[in-house]
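Student: What follows is a structure written as structure tokens; I'll ask about it next.
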Amino acid sequence: MERSTFPRRPTLSPLALGLLVGLVAANLRPLLASVGPMLPDLRADLALSGTAVAVMAGLGVLCLGLLAPVAPRPARRWGINRVLTGSLVALVVGLLVRATGGAVALFAGTVLACAGVAVANVLLPAVIKRDFPSHPGPAMGVYTMALSGSAAVAAASTAPLAALLGLGWRGGLGVWAVPATVALAAWVFGTRGGGNVPIQPPPRGSVLRDALAWQVTAFFGLVGLGFHALLVWLPSIYRAQGLGAQEAGLLLSVLVLVQAPVALVVPRFAVRARNQQRQVVLATALTGIGLAGLLLAPLVAPYLWVLVLGLGQGANFSLSLTMFVLRTRSSGDTARVSALAQTVGYLIAALGPLLLGALNDITGSWTPALLLLLAVLVPQLAAGLFAGRDRHVQTS
């Protein structure tokens, strides 16, 4: 039964547990978002080639996909609490390693930290399914808002923090080990004495044979493709239009920052609806309007286009994560769907920066790249409409 599979913890109130989940989630994106602002300094100091920089930029997202399947098996053996503790330890150590050595330490630390993030990405939705079975909406809202908000904070503050500390790119990247350590301590303290019975083995059925699980996966992956593509290239797109580096960076901050409040609100409405198809249509329409504005009149109202685009992407991102919970009946199924969606989904998302960069190199223009992102909205909408139906993944 579900209660024996994932025992409840009476030591924390729902509010305190929600805040704890948010604190852990807030440390899962600075790892990736802090690299961009430091790339020029990092590249100059370590004498990295352009290829090495490209690998560095895409390594994080790629690792999230490749390492996500690791999470369910140890959780079945040792329990979610202990495995999440281990993932946070890996994150803290990885953040410190990548900031204290040369190029080898940079890449090794990134992989170790990403392993921790990949496991936590998979298991936190299962924690929400376990501890908020009747009211997952507010908890998913806090979770997705923490992901989006922390990415915006890291993107905007890493360079100023590096200057303030006077330690260059190492200080800018290494400083994020501090809040990660706080999250680790809070998680260990908050989950003490609550029981940690390992989860039961999965049923003979598999999410790999369920069409709905793949529809959720496709939706998550295609949403991520568009987001990560613009996370890397939006400043370059606007700099090609003649804007300065500072304003182009500000536009990126707006794109990411506006997603935080959207991510908090959308899951509350999603869990109350009979299905999520209308929300998918509205969010995809907003994304399309924003992309069309970037394509046809980028300088007419740049902040408007970025605002609308952020609203659409933020809504779709939070919907895709919320579907991990809404399309499953148990915490075990949530963990398995989450693992599948994030394994395949992040591999799809990693193609976004690569494809946009390649199209720009080949054509010398950002127009084909933006047309590609608009075209991706068609299969994204189809996957979202299928995933948004009022059904559950069947594993037996």
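Residue numbering restarts at 1 for every chain of the structure tokens, chains are lettered A, B, ... in their displayed order, and ligands are numbered from 1 as they appear.
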Neighbouring residues of Pro353 in chain A were defined as those with any atom within 7 Å, considering only C-alpha atoms; residues of the same chain fewer than 6 positions away were excluded. Please report them as number ranges by chain.
Tutor: A: 228-229, 232
Student: Residues as selected, all heavy atoms, written as a PDB file, in the first residue's frame, can you do that?
Tutor:
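Done, and the output landed in result-v6.pdb:
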```pdb
ATOM      1  N   HIS A 228      15.646  26.269 -22.783  1.00  0.00           N
ATOM      2  CA  HIS A 228      17.106  26.234 -22.697  1.00  0.00           C
ATOM      3  C   HIS A 228      17.757  26.865 -23.924  1.00  0.00           C
ATOM      4  O   HIS A 228      18.854  27.434 -23.818  1.00  0.00           O
ATOM      5  CB  HIS A 228      17.582  24.799 -22.502  1.00  0.00           C
ATOM      6  CG  HIS A 228      17.315  24.265 -21.132  1.00  0.00           C
ATOM      7  ND1 HIS A 228      18.059  24.637 -20.030  1.00  0.00           N
ATOM      8  CD2 HIS A 228      16.373  23.412 -20.663  1.00  0.00           C
ATOM      9  CE1 HIS A 228      17.603  24.028 -18.962  1.00  0.00           C
ATOM     10  NE2 HIS A 228      16.582  23.282 -19.306  1.00  0.00           N
ATOM     11  N   ALA A 229      17.097  26.788 -25.074  1.00  0.00           N
ATOM     12  CA  ALA A 229      17.635  27.452 -26.261  1.00  0.00           C
ATOM     13  C   ALA A 229      17.706  28.961 -26.053  1.00  0.00           C
ATOM     14  O   ALA A 229      18.726  29.603 -26.362  1.00  0.00           O
ATOM     15  CB  ALA A 229      16.778  27.114 -27.479  1.00  0.00           C
ATOM     16  N   VAL A 232      20.311  30.300 -23.424  1.00  0.00           N
ATOM     17  CA  VAL A 232      21.670  30.455 -23.935  1.00  0.00           C
ATOM     18  C   VAL A 232      21.773  31.583 -24.961  1.00  0.00           C
ATOM     19  O   VAL A 232      22.715  32.383 -24.935  1.00  0.00           O
ATOM     20  CB  VAL A 232      22.164  29.123 -24.555  1.00  0.00           C
ATOM     21  CG1 VAL A 232      23.518  29.317 -25.246  1.00  0.00           C
ATOM     22  CG2 VAL A 232      22.273  28.044 -23.480  1.00  0.00           C
TER      23      VAL A 232
END
```
Student: Applying 12 Å and only C-alpha atoms, which residues near Val280 in chain A remain after dropping the ones on its own chain fewer than 3 positions away? List them as a ChimeraX atom specification.
Tutor: /A:219-220,223,266-267,269-270,275-277,283-287,312-320,322-323,377-378,380-389
Student: Quick one: everything within 12 Å of Ser365 in chain A, counting only C-alpha atoms, minus sequence neighbours fewer than 4 positions away in the same chain. Send it as a PDB file with all heavy atoms, in the first residue's frame.
Tutor:
```pdb
ATOM      1  N   SER A 236      22.325  36.923 -27.341  1.00  0.00           N
ATOM      2  CA  SER A 236      22.983  37.006 -28.655  1.00  0.00           C
ATOM      3  C   SER A 236      22.006  37.459 -29.736  1.00  0.00           C
ATOM      4  O   SER A 236      22.373  38.207 -30.648  1.00  0.00           O
ATOM      5  CB  SER A 236      23.587  35.643 -29.023  1.00  0.00           C
ATOM      6  OG  SER A 236      24.574  35.260 -28.098  1.00  0.00           O
ATOM      7  N   ILE A 237      20.758  36.982 -29.642  1.00  0.00           N
ATOM      8  CA  ILE A 237      19.741  37.393 -30.622  1.00  0.00           C
ATOM      9  C   ILE A 237      19.535  38.898 -30.558  1.00  0.00           C
ATOM     10  O   ILE A 237      19.472  39.578 -31.594  1.00  0.00           O
ATOM     11  CB  ILE A 237      18.416  36.636 -30.346  1.00  0.00           C
ATOM     12  CG1 ILE A 237      18.577  35.149 -30.659  1.00  0.00           C
ATOM     13  CG2 ILE A 237      17.268  37.246 -31.165  1.00  0.00           C
ATOM     14  CD1 ILE A 237      17.398  34.303 -30.243  1.00  0.00           C
ATOM     15  N   TYR A 238      19.463  39.447 -29.355  1.00  0.00           N
ATOM     16  CA  TYR A 238      19.233  40.886 -29.232  1.00  0.00           C
ATOM     17  C   TYR A 238      20.492  41.702 -29.490  1.00  0.00           C
ATOM     18  O   TYR A 238      20.419  42.831 -29.981  1.00  0.00           O
ATOM     19  CB  TYR A 238      18.631  41.207 -27.861  1.00  0.00           C
ATOM     20  CG  TYR A 238      17.118  41.268 -27.936  1.00  0.00           C
ATOM     21  CD1 TYR A 238      16.332  40.274 -27.366  1.00  0.00           C
ATOM     22  CD2 TYR A 238      16.486  42.308 -28.612  1.00  0.00           C
ATOM     23  CE1 TYR A 238      14.943  40.330 -27.458  1.00  0.00           C
ATOM     24  CE2 TYR A 238      15.112  42.372 -28.708  1.00  0.00           C
ATOM     25  CZ  TYR A 238      14.342  41.371 -28.136  1.00  0.00           C
ATOM     26  OH  TYR A 238      12.984  41.431 -28.247  1.00  0.00           O
ATOM     27  N   ALA A 240      22.580  40.950 -31.762  1.00  0.00           N
ATOM     28  CA  ALA A 240      22.622  41.009 -33.227  1.00  0.00           C
ATOM     29  C   ALA A 240      21.697  42.089 -33.765  1.00  0.00           C
ATOM     30  O   ALA A 240      21.879  42.562 -34.897  1.00  0.00           O
ATOM     31  CB  ALA A 240      22.229  39.650 -33.809  1.00  0.00           C
ATOM     32  N   GLN A 241      20.706  42.511 -32.952  1.00  0.00           N
ATOM     33  CA  GLN A 241      19.810  43.598 -33.343  1.00  0.00           C
ATOM     34  C   GLN A 241      20.361  44.959 -32.945  1.00  0.00           C
ATOM     35  O   GLN A 241      19.707  45.980 -33.193  1.00  0.00           O
ATOM     36  CB  GLN A 241      18.442  43.395 -32.684  1.00  0.00           C
ATOM     37  CG  GLN A 241      17.707  42.158 -33.156  1.00  0.00           C
ATOM     38  CD  GLN A 241      17.271  42.250 -34.605  1.00  0.00           C
ATOM     39  OE1 GLN A 241      16.957  43.327 -35.102  1.00  0.00           O
ATOM     40  NE2 GLN A 241      17.271  41.115 -35.289  1.00  0.00           N
ATOM     41  N   LEU A 295      10.627  37.559 -33.673  1.00  0.00           N
ATOM     42  CA  LEU A 295      10.956  37.324 -35.077  1.00  0.00           C
ATOM     43  C   LEU A 295      10.622  38.516 -35.964  1.00  0.00           C
ATOM     44  O   LEU A 295      11.436  38.933 -36.800  1.00  0.00           O
ATOM     45  CB  LEU A 295      10.202  36.080 -35.572  1.00  0.00           C
ATOM     46  CG  LEU A 295      10.362  35.721 -37.055  1.00  0.00           C
ATOM     47  CD1 LEU A 295      11.803  35.335 -37.354  1.00  0.00           C
ATOM     48  CD2 LEU A 295       9.414  34.581 -37.423  1.00  0.00           C
ATOM     49  N   LEU A 356      19.954  25.826 -32.327  1.00  0.00           N
ATOM     50  CA  LEU A 356      19.911  27.267 -32.616  1.00  0.00           C
ATOM     51  C   LEU A 356      21.293  27.795 -32.975  1.00  0.00           C
ATOM     52  O   LEU A 356      21.436  28.588 -33.910  1.00  0.00           O
ATOM     53  CB  LEU A 356      19.348  28.035 -31.421  1.00  0.00           C
ATOM     54  CG  LEU A 356      17.856  28.400 -31.530  1.00  0.00           C
ATOM     55  CD1 LEU A 356      17.003  27.145 -31.517  1.00  0.00           C
ATOM     56  CD2 LEU A 356      17.434  29.341 -30.415  1.00  0.00           C
ATOM     57  N   GLY A 357      22.310  27.362 -32.254  1.00  0.00           N
ATOM     58  CA  GLY A 357      23.659  27.796 -32.569  1.00  0.00           C
ATOM     59  C   GLY A 357      24.104  27.332 -33.937  1.00  0.00           C
ATOM     60  O   GLY A 357      24.734  28.088 -34.695  1.00  0.00           O
ATOM     61  N   ALA A 358      23.771  26.067 -34.279  1.00  0.00           N
ATOM     62  CA  ALA A 358      24.159  25.533 -35.584  1.00  0.00           C
ATOM     63  C   ALA A 358      23.453  26.274 -36.722  1.00  0.00           C
ATOM     64  O   ALA A 358      24.071  26.607 -37.747  1.00  0.00           O
ATOM     65  CB  ALA A 358      23.847  24.045 -35.649  1.00  0.00           C
ATOM     66  N   LEU A 359      22.165  26.556 -36.564  1.00  0.00           N
ATOM     67  CA  LEU A 359      21.428  27.285 -37.607  1.00  0.00           C
ATOM     68  C   LEU A 359      21.989  28.686 -37.800  1.00  0.00           C
ATOM     69  O   LEU A 359      22.099  29.180 -38.925  1.00  0.00           O
ATOM     70  CB  LEU A 359      19.939  27.354 -37.242  1.00  0.00           C
ATOM     71  CG  LEU A 359      19.127  26.082 -37.487  1.00  0.00           C
ATOM     72  CD1 LEU A 359      17.720  26.237 -36.931  1.00  0.00           C
ATOM     73  CD2 LEU A 359      19.072  25.775 -38.982  1.00  0.00           C
ATOM     74  N   ASN A 360      22.352  29.335 -36.711  1.00  0.00           N
ATOM     75  CA  ASN A 360      22.937  30.671 -36.822  1.00  0.00           C
ATOM     76  C   ASN A 360      24.299  30.624 -37.504  1.00  0.00           C
ATOM     77  O   ASN A 360      24.624  31.490 -38.330  1.00  0.00           O
ATOM     78  CB  ASN A 360      23.059  31.304 -35.444  1.00  0.00           C
ATOM     79  CG  ASN A 360      23.682  32.686 -35.495  1.00  0.00           C
ATOM     80  OD1 ASN A 360      24.836  32.871 -35.103  1.00  0.00           O
ATOM     81  ND2 ASN A 360      22.937  33.671 -35.982  1.00  0.00           N
ATOM     82  N   ASP A 361      25.101  29.607 -37.192  1.00  0.00           N
ATOM     83  CA  ASP A 361      26.405  29.470 -37.842  1.00  0.00           C
ATOM     84  C   ASP A 361      26.259  29.232 -39.339  1.00  0.00           C
ATOM     85  O   ASP A 361      27.017  29.774 -40.149  1.00  0.00           O
ATOM     86  CB  ASP A 361      27.188  28.312 -37.215  1.00  0.00           C
ATOM     87  CG  ASP A 361      27.748  28.668 -35.853  1.00  0.00           C
ATOM     88  OD1 ASP A 361      27.833  29.870 -35.537  1.00  0.00           O
ATOM     89  OD2 ASP A 361      28.088  27.738 -35.102  1.00  0.00           O
ATOM     90  N   ALA A 369      16.473  30.166 -36.731  1.00  0.00           N
ATOM     91  CA  ALA A 369      16.427  29.614 -35.382  1.00  0.00           C
ATOM     92  C   ALA A 369      15.087  29.907 -34.719  1.00  0.00           C
ATOM     93  O   ALA A 369      14.486  29.035 -34.080  1.00  0.00           O
ATOM     94  CB  ALA A 369      17.574  30.190 -34.552  1.00  0.00           C
ATOM     95  N   LEU A 370      14.596  31.143 -34.860  1.00  0.00           N
ATOM     96  CA  LEU A 370      13.307  31.495 -34.268  1.00  0.00           C
ATOM     97  C   LEU A 370      12.160  30.782 -34.972  1.00  0.00           C
ATOM     98  O   LEU A 370      11.168  30.400 -34.340  1.00  0.00           O
ATOM     99  CB  LEU A 370      13.116  33.011 -34.324  1.00  0.00           C
ATOM    100  CG  LEU A 370      14.047  33.803 -33.391  1.00  0.00           C
ATOM    101  CD1 LEU A 370      13.932  35.301 -33.665  1.00  0.00           C
ATOM    102  CD2 LEU A 370      13.732  33.509 -31.928  1.00  0.00           C
ATOM    103  N   LEU A 371      12.285  30.593 -36.288  1.00  0.00           N
ATOM    104  CA  LEU A 371      11.270  29.820 -37.014  1.00  0.00           C
ATOM    105  C   LEU A 371      11.231  28.381 -36.516  1.00  0.00           C
ATOM    106  O   LEU A 371      10.149  27.780 -36.409  1.00  0.00           O
ATOM    107  CB  LEU A 371      11.557  29.856 -38.520  1.00  0.00           C
ATOM    108  CG  LEU A 371      11.265  31.183 -39.220  1.00  0.00           C
ATOM    109  CD1 LEU A 371      11.761  31.142 -40.666  1.00  0.00           C
ATOM    110  CD2 LEU A 371       9.759  31.489 -39.199  1.00  0.00           C
TER     111      LEU A 371
END
```
Student: Which of these, A:Gln342, A:Pro379, A:Pro14, A:Leu67, has the shortest distance to Ser134 in chain A once you count only C-alpha atoms?
Tutor: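 Counting only C-alpha atoms, the residue closest to Ser134 in chain A is A:Pro14.
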Student: From the options A:Val153, A:Ala103, A:Ala146, A:Leu161, which residue's atoms come nearest to Met56 in chain A, counting only C-alpha atoms?
Tutor: A:Ala103
Student: Provide the CA of Leu59 in chain A to CA of Met145 in chain A distance in Å, to one decimal place.
Tutor: 23.8 Å
Student: May I have the residues within 7 Å of range 347-351 of chain A as a ChimeraX atom specification, using only C-alpha atoms and disregarding those fewer than 4 positions away in the same chain?
Tutor: /A:58,61-62,65,221-222,224-225,228,343,355
Student: Keeping N, CA, C and O atoms, export the residues of the selection given above as a PDB file, in the first residue's frame.
Tutor:
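Final file, out09.pdb:
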```pdb
ATOM      1  N   GLY A  58      26.653  22.957 -22.525  1.00  0.00           N
ATOM      2  CA  GLY A  58      25.613  21.944 -22.677  1.00  0.00           C
ATOM      3  C   GLY A  58      25.725  20.770 -21.739  1.00  0.00           C
ATOM      4  O   GLY A  58      24.804  19.956 -21.644  1.00  0.00           O
ATOM      5  N   VAL A  61      22.829  20.365 -18.779  1.00  0.00           N
ATOM      6  CA  VAL A  61      21.516  19.874 -19.210  1.00  0.00           C
ATOM      7  C   VAL A  61      21.618  18.418 -19.647  1.00  0.00           C
ATOM      8  O   VAL A  61      20.743  17.592 -19.345  1.00  0.00           O
ATOM      9  N   LEU A  62      22.702  18.080 -20.354  1.00  0.00           N
ATOM     10  CA  LEU A  62      22.880  16.705 -20.817  1.00  0.00           C
ATOM     11  C   LEU A  62      22.983  15.738 -19.643  1.00  0.00           C
ATOM     12  O   LEU A  62      22.382  14.656 -19.648  1.00  0.00           O
ATOM     13  N   GLY A  65      19.739  14.717 -17.987  1.00  0.00           N
ATOM     14  CA  GLY A  65      19.019  13.653 -18.677  1.00  0.00           C
ATOM     15  C   GLY A  65      19.651  12.293 -18.490  1.00  0.00           C
ATOM     16  O   GLY A  65      18.975  11.306 -18.193  1.00  0.00           O
ATOM     17  N   GLY A 221       9.947  17.578 -22.489  1.00  0.00           N
ATOM     18  CA  GLY A 221      11.164  17.762 -23.267  1.00  0.00           C
ATOM     19  C   GLY A 221      11.083  18.903 -24.252  1.00  0.00           C
ATOM     20  O   GLY A 221      12.041  19.689 -24.400  1.00  0.00           O
ATOM     21  N   LEU A 222       9.963  19.041 -24.954  1.00  0.00           N
ATOM     22  CA  LEU A 222       9.825  20.103 -25.953  1.00  0.00           C
ATOM     23  C   LEU A 222       9.708  21.474 -25.296  1.00  0.00           C
ATOM     24  O   LEU A 222      10.223  22.468 -25.827  1.00  0.00           O
ATOM     25  N   GLY A 224      11.208  22.206 -22.509  1.00  0.00           N
ATOM     26  CA  GLY A 224      12.583  22.460 -22.106  1.00  0.00           C
ATOM     27  C   GLY A 224      13.478  22.857 -23.253  1.00  0.00           C
ATOM     28  O   GLY A 224      14.400  23.677 -23.084  1.00  0.00           O
ATOM     29  N   LEU A 225      13.242  22.304 -24.435  1.00  0.00           N
ATOM     30  CA  LEU A 225      14.048  22.666 -25.606  1.00  0.00           C
ATOM     31  C   LEU A 225      13.963  24.161 -25.882  1.00  0.00           C
ATOM     32  O   LEU A 225      14.982  24.835 -26.078  1.00  0.00           O
ATOM     33  N   HIS A 228      15.646  26.269 -22.783  1.00  0.00           N
ATOM     34  CA  HIS A 228      17.106  26.234 -22.697  1.00  0.00           C
ATOM     35  C   HIS A 228      17.757  26.865 -23.924  1.00  0.00           C
ATOM     36  O   HIS A 228      18.854  27.434 -23.818  1.00  0.00           O
ATOM     37  N   THR A 343      14.794  11.946 -17.962  1.00  0.00           N
ATOM     38  CA  THR A 343      15.858  11.306 -18.735  1.00  0.00           C
ATOM     39  C   THR A 343      15.758  11.704 -20.197  1.00  0.00           C
ATOM     40  O   THR A 343      16.688  12.263 -20.780  1.00  0.00           O
ATOM     41  N   LEU A 355      20.970  23.258 -31.672  1.00  0.00           N
ATOM     42  CA  LEU A 355      20.305  23.502 -32.955  1.00  0.00           C
ATOM     43  C   LEU A 355      20.272  24.983 -33.298  1.00  0.00           C
ATOM     44  O   LEU A 355      20.538  25.363 -34.453  1.00  0.00           O
TER      45      LEU A 355
END
```
Student: What gap, in Å, lies between CA of Phe132 in chain A and CA of Val178 in chain A?
Tutor: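 Distance between the two atoms: 28.7 Å.
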